[in-house]
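**Student:** For reference, the file entry05.cif (mmCIF, C-alpha atoms) is included below:
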```cif
data_work
loop_
_atom_site.label_atom_id
_atom_site.label_comp_id
_atom_site.auth_asym_id
_atom_site.auth_seq_id
_atom_site.Cartn_x
_atom_site.Cartn_y
_atom_site.Cartn_z
CA MET C 168 38.58 -5.73 -31.00
CA ASN C 169 38.98 -8.43 -28.37
CA GLU C 170 35.95 -10.36 -27.19
CA LEU C 171 35.29 -10.56 -23.48
CA PRO C 172 36.40 -13.89 -22.02
CA THR C 173 33.14 -15.56 -21.02
CA THR C 174 34.71 -17.90 -18.48
CA ALA C 175 36.17 -15.03 -16.45
CA VAL C 176 32.75 -13.52 -15.61
CA SER C 177 31.92 -13.75 -11.92
CA PRO C 178 28.48 -13.02 -10.48
CA LEU C 179 29.85 -9.81 -8.94
CA ASP C 180 30.74 -8.44 -12.40
CA ALA C 181 27.04 -7.82 -12.98
CA GLY C 182 26.52 -6.41 -9.50
CA ALA C 183 23.91 -7.77 -7.13
CA ALA C 184 20.51 -9.00 -8.31
CA VAL C 185 17.27 -7.18 -7.43
CA GLY C 186 16.41 -9.93 -4.95
CA ASP C 187 19.68 -9.33 -3.10
CA TYR C 188 18.86 -5.64 -2.71
CA VAL C 189 15.47 -6.61 -1.28
CA GLN C 190 17.10 -9.14 1.07
CA ILE C 191 19.52 -6.62 2.63
CA LEU C 192 16.51 -4.47 3.57
CA LYS C 193 15.54 -7.26 6.02
CA PRO C 194 11.90 -7.39 4.85
CA ARG C 195 10.70 -9.51 7.78
CA VAL C 196 12.04 -7.02 10.34
CA MET C 197 10.67 -4.23 8.17
CA SER C 198 7.16 -5.68 8.27
CA LEU C 199 7.03 -5.62 12.09
CA VAL C 200 8.50 -2.10 12.15
CA VAL C 201 5.90 -0.92 9.65
CA PHE C 202 3.08 -2.53 11.61
CA THR C 203 4.08 -0.89 14.91
CA GLY C 204 4.53 2.42 13.06
CA VAL C 205 1.01 2.12 11.65
CA VAL C 206 -0.39 1.53 15.15
CA GLY C 207 1.36 4.68 16.42
CA LEU C 208 -0.10 6.61 13.51
CA VAL C 209 -3.64 5.29 14.05
CA LEU C 210 -3.68 5.76 17.84
CA ALA C 211 -2.33 9.32 17.76
CA PRO C 212 -4.95 11.99 18.39
CA GLY C 213 -5.61 14.13 15.35
CA HIS C 214 -5.91 13.65 11.62
CA LEU C 215 -3.40 13.12 8.84
CA HIS C 216 -4.31 13.09 5.13
CA PRO C 217 -4.38 9.39 4.03
CA PHE C 218 -1.78 9.99 1.32
CA LEU C 219 0.60 11.67 3.79
CA ALA C 220 0.00 8.80 6.22
CA ALA C 221 0.97 6.34 3.47
CA VAL C 222 4.10 8.39 2.73
CA ALA C 223 4.99 8.39 6.46
CA ILE C 224 4.66 4.59 6.57
CA LEU C 225 6.71 4.25 3.37
CA CYS C 226 9.46 6.42 4.90
CA ILE C 227 9.46 4.34 8.11
CA ALA C 228 9.76 1.16 5.99
CA ILE C 229 12.57 2.56 3.82
CA GLY C 230 14.39 3.95 6.88
CA ALA C 231 14.19 0.52 8.57
CA GLY C 232 15.47 -1.09 5.38
CA ALA C 233 18.35 1.39 5.20
CA SER C 234 19.35 0.51 8.78
CA GLY C 235 19.27 -3.17 7.83
CA ALA C 236 21.44 -2.63 4.76
CA ILE C 237 24.09 -0.66 6.67
CA ASN C 238 23.97 -3.25 9.46
CA MET C 239 24.61 -6.02 6.92
CA TRP C 240 27.52 -4.04 5.46
CA TYR C 241 29.14 -3.60 8.89
CA ASP C 242 28.42 -7.13 10.17
CA ARG C 243 29.44 -9.04 7.02
CA ASP C 244 32.43 -10.60 8.84
CA ILE C 245 30.38 -12.08 11.69
CA ASP C 246 27.46 -12.92 9.37
CA ALA C 247 29.84 -15.22 7.47
CA VAL C 248 30.58 -17.16 10.68
CA MET C 249 26.98 -17.77 11.73
CA ARG C 250 24.89 -20.42 9.96
CA ARG C 251 21.71 -18.32 10.26
CA THR C 252 23.28 -15.38 8.37
CA ALA C 253 25.96 -16.97 6.14
CA GLY C 254 23.60 -17.04 3.13
CA ARG C 255 23.05 -13.26 3.17
CA PRO C 256 24.15 -11.44 -0.03
CA LEU C 257 27.41 -10.01 1.40
CA PRO C 258 28.91 -13.05 3.17
CA ALA C 259 27.73 -15.24 0.25
CA GLY C 260 29.67 -12.99 -2.17
CA ARG C 261 26.65 -11.96 -4.26
CA MET C 262 26.98 -8.26 -3.38
CA ALA C 263 30.02 -6.00 -2.98
CA PRO C 264 30.26 -4.26 0.45
CA GLY C 265 30.31 -0.81 -1.17
CA GLU C 266 27.02 -1.53 -2.97
CA ALA C 267 25.28 -2.34 0.32
CA LEU C 268 26.72 0.70 2.12
CA GLY C 269 25.87 3.08 -0.72
CA PHE C 270 22.36 1.65 -1.06
CA GLY C 271 21.76 1.95 2.69
CA CYS C 272 23.06 5.54 2.90
CA VAL C 273 20.98 6.72 -0.09
CA LEU C 274 17.84 5.16 1.37
CA ALA C 275 18.56 6.59 4.85
CA VAL C 276 19.02 10.15 3.58
CA GLY C 277 16.12 9.82 1.12
CA SER C 278 13.64 8.47 3.68
CA VAL C 279 14.45 11.20 6.23
CA ALA C 280 14.30 13.96 3.60
CA VAL C 281 10.95 12.80 2.19
CA MET C 282 9.51 12.39 5.71
CA GLY C 283 10.56 15.96 6.55
CA LEU C 284 9.30 17.50 3.30
CA ALA C 285 6.06 15.51 3.06
CA VAL C 286 4.98 14.99 6.68
CA ASN C 287 6.82 16.99 9.35
CA TRP C 288 10.36 17.49 10.64
CA VAL C 289 9.73 16.04 14.12
CA ALA C 290 8.88 12.68 12.53
CA ALA C 291 11.90 13.07 10.22
CA GLU C 292 14.22 13.77 13.17
CA LEU C 293 12.88 10.72 15.02
CA LEU C 294 13.43 8.61 11.90
CA ALA C 295 17.01 9.93 11.59
CA LEU C 296 17.55 9.19 15.30
CA THR C 297 16.25 5.63 14.83
CA ILE C 298 18.59 4.94 11.89
CA ALA C 299 21.59 6.55 13.63
CA PHE C 300 20.89 4.70 16.90
CA TYR C 301 20.62 1.33 15.14
CA VAL C 302 23.75 1.87 13.03
CA PHE C 303 26.11 3.72 15.37
CA VAL C 304 24.95 2.80 18.90
CA TYR C 305 23.72 -0.79 18.40
CA THR C 306 25.62 -2.16 15.37
CA MET C 307 28.96 -0.38 15.67
CA TRP C 308 29.26 0.22 19.42
CA LEU C 309 27.25 -2.14 21.60
CA LYS C 310 26.69 -5.34 19.62
CA ARG C 311 30.25 -6.67 19.88
CA ARG C 312 31.09 -5.15 23.28
CA THR C 313 28.44 -5.82 25.90
CA PRO C 314 25.77 -8.41 26.79
CA GLN C 315 23.44 -5.42 27.25
CA ASN C 316 23.66 -4.86 23.45
CA ILE C 317 20.06 -5.71 22.69
CA VAL C 318 18.73 -4.07 25.88
CA ILE C 319 20.01 -0.61 24.95
CA GLY C 320 20.01 -1.25 21.21
CA GLY C 321 16.37 -2.30 21.45
CA ALA C 322 15.47 1.39 21.63
CA ALA C 323 15.99 1.62 17.86
CA GLY C 324 13.37 -1.05 17.20
CA ALA C 325 11.01 0.60 19.70
CA LEU C 326 11.00 4.03 18.05
CA PRO C 327 8.74 3.39 14.97
CA PRO C 328 5.42 3.87 16.88
CA LEU C 329 6.79 7.20 18.10
CA ILE C 330 7.55 8.19 14.51
CA GLY C 331 4.03 7.21 13.42
CA TRP C 332 2.55 9.17 16.34
CA ALA C 333 4.72 12.23 15.62
CA ALA C 334 3.72 12.09 11.94
CA VAL C 335 0.16 12.93 13.04
CA THR C 336 0.69 15.21 16.03
CA GLY C 337 4.10 16.77 15.35
CA ASP C 338 5.21 15.92 18.90
CA VAL C 339 5.78 13.04 21.32
CA SER C 340 3.39 12.44 24.21
CA TRP C 341 2.99 9.84 26.99
CA GLY C 342 0.79 7.61 24.84
CA ALA C 343 3.58 7.32 22.27
CA ILE C 344 6.15 6.66 24.99
CA ALA C 345 3.94 3.81 26.31
CA LEU C 346 4.04 2.17 22.86
CA PHE C 347 7.82 2.67 22.79
CA ALA C 348 8.16 1.05 26.24
CA ILE C 349 6.19 -2.06 25.20
CA ILE C 350 8.64 -2.85 22.36
CA PHE C 351 11.67 -1.76 24.43
CA PHE C 352 10.91 -4.21 27.28
CA TRP C 353 9.78 -6.96 24.89
CA THR C 354 13.07 -6.94 22.94
CA PRO C 355 15.41 -8.57 25.56
CA PRO C 356 13.33 -11.72 26.26
CA HIS C 357 12.66 -12.02 22.51
CA PHE C 358 16.33 -11.96 21.50
CA TRP C 359 17.60 -13.87 24.53
CA ALA C 360 15.20 -16.73 23.68
CA LEU C 361 16.87 -16.89 20.25
CA SER C 362 20.38 -16.56 21.64
CA LEU C 363 19.76 -19.39 24.15
CA TYR C 364 19.60 -21.96 21.35
CA ARG C 365 22.10 -20.12 19.12
CA ALA C 366 24.66 -19.49 21.88
CA GLU C 367 27.39 -21.51 20.19
CA GLU C 368 27.08 -19.55 16.96
CA TYR C 369 27.15 -16.22 18.82
CA ALA C 370 30.23 -17.38 20.77
CA ALA C 371 31.98 -18.43 17.54
CA ALA C 372 31.24 -15.01 16.04
CA GLY C 373 32.54 -13.24 19.18
CA ILE C 374 29.21 -11.57 20.01
CA PRO C 375 28.81 -11.30 23.82
CA MET C 376 25.13 -12.24 24.02
CA LEU C 377 23.95 -12.82 27.59
CA PRO C 378 23.92 -16.68 27.41
CA VAL C 379 27.51 -16.59 26.12
CA VAL C 380 28.77 -14.22 28.84
CA ALA C 381 26.58 -14.97 31.88
CA GLY C 382 25.28 -18.46 31.07
CA ALA C 383 21.86 -19.93 30.37
CA ARG C 384 20.59 -19.79 33.99
CA GLU C 385 21.17 -16.03 34.39
CA THR C 386 19.67 -15.39 30.93
CA LYS C 387 16.53 -17.34 31.82
CA LYS C 388 16.19 -15.38 35.08
CA GLN C 389 16.51 -12.07 33.22
CA MET C 390 13.96 -13.20 30.61
CA LEU C 391 11.46 -14.04 33.34
CA LEU C 392 12.00 -10.65 35.02
CA TYR C 393 11.42 -8.81 31.74
CA THR C 394 8.15 -10.69 31.12
CA LEU C 395 7.00 -9.55 34.60
CA VAL C 396 7.96 -5.94 33.82
CA LEU C 397 5.83 -6.21 30.67
CA TRP C 398 2.67 -6.59 32.79
CA PRO C 399 2.52 -2.94 33.95
CA VAL C 400 4.18 -1.70 30.76
CA THR C 401 1.54 -3.25 28.48
CA ALA C 402 -1.16 -1.91 30.82
CA ALA C 403 0.18 1.64 30.37
CA PRO C 404 -1.85 2.49 27.20
CA TRP C 405 -5.03 1.62 29.15
CA LEU C 406 -3.90 3.55 32.26
CA LEU C 407 -3.12 6.57 30.07
CA GLY C 408 -6.51 6.38 28.37
CA VAL C 409 -5.07 5.57 24.96
CA SER C 410 -6.88 2.22 24.96
CA GLY C 411 -9.95 0.72 26.60
CA ALA C 412 -10.84 -2.29 28.75
CA LEU C 413 -10.83 -4.76 25.85
CA TYR C 414 -7.16 -4.04 25.25
CA ALA C 415 -6.35 -4.19 28.98
CA VAL C 416 -7.92 -7.63 29.39
CA GLY C 417 -6.33 -8.99 26.21
CA ALA C 418 -2.88 -7.59 27.04
CA GLY C 419 -3.11 -9.05 30.55
CA GLY C 420 -3.92 -12.49 29.13
CA LEU C 421 -1.08 -12.32 26.60
CA SER C 422 1.41 -11.17 29.25
CA LEU C 423 0.34 -14.09 31.43
CA LEU C 424 1.06 -16.50 28.55
CA PHE C 425 4.43 -14.80 27.91
CA THR C 426 5.38 -15.20 31.58
CA VAL C 427 4.29 -18.86 31.48
CA ALA C 428 6.55 -19.33 28.43
CA ALA C 429 9.46 -17.80 30.39
CA ILE C 430 8.77 -20.11 33.37
CA ARG C 431 8.85 -23.10 30.98
CA VAL C 432 12.20 -21.90 29.63
CA TRP C 433 13.45 -21.54 33.23
CA ARG C 434 12.49 -25.16 34.02
CA ASP C 435 13.55 -26.72 30.70
CA GLU C 436 17.20 -27.69 30.23
CA SER C 437 16.72 -28.39 26.50
CA ASP C 438 16.31 -25.84 23.67
CA ARG C 439 12.68 -26.72 23.00
CA SER C 440 11.04 -24.17 25.32
CA ALA C 441 13.40 -21.40 24.19
CA ARG C 442 12.46 -22.04 20.55
CA GLN C 443 8.76 -21.99 21.48
CA MET C 444 9.20 -18.77 23.45
CA PHE C 445 10.99 -17.09 20.54
CA ALA C 446 8.11 -18.00 18.21
CA PHE C 447 5.52 -16.90 20.78
CA SER C 448 7.33 -13.60 21.44
CA LEU C 449 6.70 -12.57 17.81
CA ALA C 450 3.03 -13.49 18.13
CA TYR C 451 2.86 -11.71 21.52
CA LEU C 452 4.04 -8.34 20.21
CA SER C 453 1.95 -8.60 17.05
CA LEU C 454 -1.18 -9.46 19.03
CA ILE C 455 -0.61 -6.66 21.57
CA PHE C 456 -0.50 -4.16 18.69
CA VAL C 457 -3.46 -5.82 16.92
CA LEU C 458 -5.39 -5.44 20.20
CA LEU C 459 -4.48 -1.75 20.33
CA LEU C 460 -5.84 -1.32 16.79
CA VAL C 461 -9.02 -3.33 17.38
CA ASP C 462 -9.74 -1.58 20.67
CA HIS C 463 -9.23 1.81 19.00
CA GLY C 464 -11.50 0.76 16.14
CA LEU C 465 -14.23 -0.14 18.66
CA GLY C 466 -13.92 3.25 20.32
CA GLY C 467 -11.77 2.24 23.30
CA GLY C 468 -9.80 4.82 25.24
CA ARG C 469 -10.67 8.37 26.13
CA MET O 230 21.74 -27.03 -18.67
CA ALA O 231 24.12 -24.33 -17.32
CA ASP O 232 23.44 -20.69 -18.24
CA ASP O 233 25.94 -18.74 -20.32
CA PRO O 234 27.65 -16.40 -17.79
CA GLN O 235 27.30 -13.45 -20.18
CA ASP O 236 23.56 -14.08 -20.55
CA ALA O 237 23.13 -14.36 -16.80
CA ARG O 238 25.10 -11.13 -16.35
CA MET O 239 22.94 -9.25 -18.87
CA ARG O 240 19.75 -10.60 -17.28
CA THR O 241 20.86 -9.38 -13.84
CA ILE O 242 21.75 -5.93 -15.16
CA ARG O 243 18.50 -5.65 -17.15
CA ALA O 244 16.38 -6.66 -14.14
CA ARG O 245 18.19 -4.11 -11.96
CA ASN O 246 17.72 -1.36 -14.55
CA ARG O 247 14.01 -2.11 -14.77
CA ALA O 248 13.69 -2.03 -10.97
CA LEU O 249 15.53 1.31 -10.89
CA LEU O 250 13.21 2.69 -13.59
CA LEU O 251 10.17 1.65 -11.53
CA VAL O 252 11.61 3.27 -8.40
CA LEU O 253 12.31 6.54 -10.26
CA LEU O 254 8.83 6.57 -11.83
CA GLY O 255 7.39 5.89 -8.37
CA LEU O 256 9.30 8.85 -6.95
CA VAL O 257 8.04 11.13 -9.73
CA ALA O 258 4.45 10.03 -9.05
CA LEU O 259 4.99 10.42 -5.29
CA PHE O 260 6.22 14.01 -5.56
CA TYR O 261 3.53 14.85 -8.13
CA VAL O 262 0.68 13.77 -5.83
CA LEU O 263 2.49 15.16 -2.78
CA THR O 264 2.59 18.61 -4.34
CA PHE O 265 -1.18 18.64 -4.82
CA VAL O 266 -1.88 17.31 -1.32
CA ARG O 267 0.42 19.85 0.36
CA MET O 268 -0.93 22.69 -1.78
CA GLY O 269 -4.39 21.66 -0.62
CA GLY O 270 -3.48 22.84 2.86
CA HIS O 271 -2.52 19.53 4.50
#
```
Could you render the structure from this file as structure tokens?
**Tutor:**
Amino acid sequence: MNELPTTAVSPLDAGAAVGDYVQILKPRVMSLVVFTGVVGLVLAPGHLHPFLAAVAILCIAIGAGASGAINMWYDRDIDAVMRRTAGRPLPAGRMAPGEALGFGCVLAVGSVAVMGLAVNWVAAELLALTIAFYVFVYTMWLKRRTPQNIVIGGAAGALPPLIGWAAVTGDVSWGAIALFAIIFFWTPPHFWALSLYRAEEYAAAGIPMLPVVAGARETKKQMLLYTLVLWPVTAAPWLLGVSGALYAVGAGGLSLLFTVAAIRVWRDESDRSARQMFAFSLAYLSLIFVLLLVDHGLGGGR
Amino acid sequence: MADDPQDARMRTIRARNRALLLVLLGLVALFYVLTFVRMGGH
């Protein structure tokens, strides 16, 4: 019997490593998705058994990971062009495209099925909608075609609080839509801050981000407008009685700081302010949702 | 010192198999507990 030639073994012969499978789930994106989903679940009126709540959160996390895996499968050509994404398992050649697609599809179907069987089918349908919207509408349709890609596509990232809410109540109400709107209107200034200092990479990859298509000045104007829209939008949970005065004051202060960051970006011709705004945008959204949790814990809202 | 490619290959496969085993055991435990919780009227 012939022995296997040891020199001919490539890393792909063994398939991808466990760490590569974890990486294509985009764990950092997943953590923010899970957090906003938890807030939706906690703020929803009603009660859900703690184990079922944990299962709902697990399904949201796995569904988000599945979206990330399928996104990495589809975008492997442009990921290879951009410095920020060239080290991902697919463009780096550590994982075969079929492995990523299969993994993503199994997780997508599994997370929706378990959500439906364990929690309720409204939450499962919303999870399926989120995955489908991210994969088909954002990744495959909008991302490479229009500078409004992350405006419309941002809906996928904004849906997790709705799923958490629906896991408890079995429906979608105005309070849940307010949480959705906060993330939806936060997404454009967040991603445009990033794309301002990565414009060359996006242009090289052929992605029509707003700074590439309309220029830095127009992008900065749009970012400023979105931060102003976030003032009433972040006040909505308080106006709807979902949260109390503590949240309203905190959200107002944070929105003021976010607008100040956008004004700095508007005035600054270098990348420095855009980088700072991108970092602050992550803190902004996290703190808004932390405030919602804290306020709820202290008995805020009606 | 460079790893033998065959050893590296076997290590990768073994680690993946162990991870898969953990996931499957986790799913069994999940459905086991889930059955009791749902049968309890939740």
**Student:** Counting all atoms listed in the file, collect the residues of chain C whose closest atom lies at most 6 Å from chain O, and write them out as a ChimeraX atom specification.
**Tutor:** /C:181,184-185
**Student:** Could you list, as a ChimeraX atom specification, every residue matched by the PyMOL selection byres ((chain C and resi 236-243) around 6) in this structure?
**Tutor:** /C:191-192,233-235,244-246,258,264,267-268,271
**Student:** Rounded to one decimal, what separation in Å do you get between atom CA of C:Val400 and atom CA of C:Leu421?
**Tutor:**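 Computing the Euclidean distance for atom CA of C:Val400 and atom CA of C:Leu421 yields 12.6 Å.
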**Student:** Mind telling me what the PyMOL selection byres ((chain C and resi 299) around 12) catches here, as number ranges by chain?
**Tutor:** C: 230-231, 233-235, 237-238, 271-272, 275-276, 279, 292-298, 300-308, 320, 322-324, 326
**Student:** Would you save the residues of that selection, restricted to C-alpha atoms, as a CSV table (one decimal), in the coordinates of the input?
**Tutor:**
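Wrote part_29.csv, looks like this:
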```csv
chain,number,residue,atom,x,y,z
C,230,GLY,CA,14.4,4.0,6.9
C,231,ALA,CA,14.2,0.5,8.6
C,233,ALA,CA,18.4,1.4,5.2
C,234,SER,CA,19.4,0.5,8.8
C,235,GLY,CA,19.3,-3.2,7.8
C,237,ILE,CA,24.1,-0.7,6.7
C,238,ASN,CA,24.0,-3.2,9.5
C,271,GLY,CA,21.8,2.0,2.7
C,272,CYS,CA,23.1,5.5,2.9
C,275,ALA,CA,18.6,6.6,4.8
C,276,VAL,CA,19.0,10.2,3.6
C,279,VAL,CA,14.4,11.2,6.2
C,292,GLU,CA,14.2,13.8,13.2
C,293,LEU,CA,12.9,10.7,15.0
C,294,LEU,CA,13.4,8.6,11.9
C,295,ALA,CA,17.0,9.9,11.6
C,296,LEU,CA,17.6,9.2,15.3
C,297,THR,CA,16.2,5.6,14.8
C,298,ILE,CA,18.6,4.9,11.9
C,300,PHE,CA,20.9,4.7,16.9
C,301,TYR,CA,20.6,1.3,15.1
C,302,VAL,CA,23.8,1.9,13.0
C,303,PHE,CA,26.1,3.7,15.4
C,304,VAL,CA,25.0,2.8,18.9
C,305,TYR,CA,23.7,-0.8,18.4
C,306,THR,CA,25.6,-2.2,15.4
C,307,MET,CA,29.0,-0.4,15.7
C,308,TRP,CA,29.3,0.2,19.4
C,320,GLY,CA,20.0,-1.2,21.2
C,322,ALA,CA,15.5,1.4,21.6
C,323,ALA,CA,16.0,1.6,17.9
C,324,GLY,CA,13.4,-1.0,17.2
C,326,LEU,CA,11.0,4.0,18.0
```
**Student:** Dump as an MDAnalysis selection string all residues having an atom at most 9 Å from (5.1, 17.4, 16.1), computed in the file's coordinates with all atoms listed in the file.
**Tutor:** chainID C and resid 287:290 332:339
**Student:** Go ahead and compute the interatomic distance for atom CA of C:Gly419 and atom CA of C:Phe347, in Å to one decimal.
**Tutor:** 17.8 Å
**Student:** Quick check, in Å to one decimal: how far apart do atom CA of C:Ser453 and atom CA of C:Arg311 lie?
**Tutor:**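 A separation of 28.5 Å between them.
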**Student:** Have a look at C:Ala183, C:Ala247, C:Ala228, C:Leu219 and name the one nearest to C:Ala372; count only C-alpha atoms.
**Tutor:**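 Among C:Ala183, C:Ala247, C:Ala228, C:Leu219, it is C:Ala247 that comes nearest to C:Ala372.
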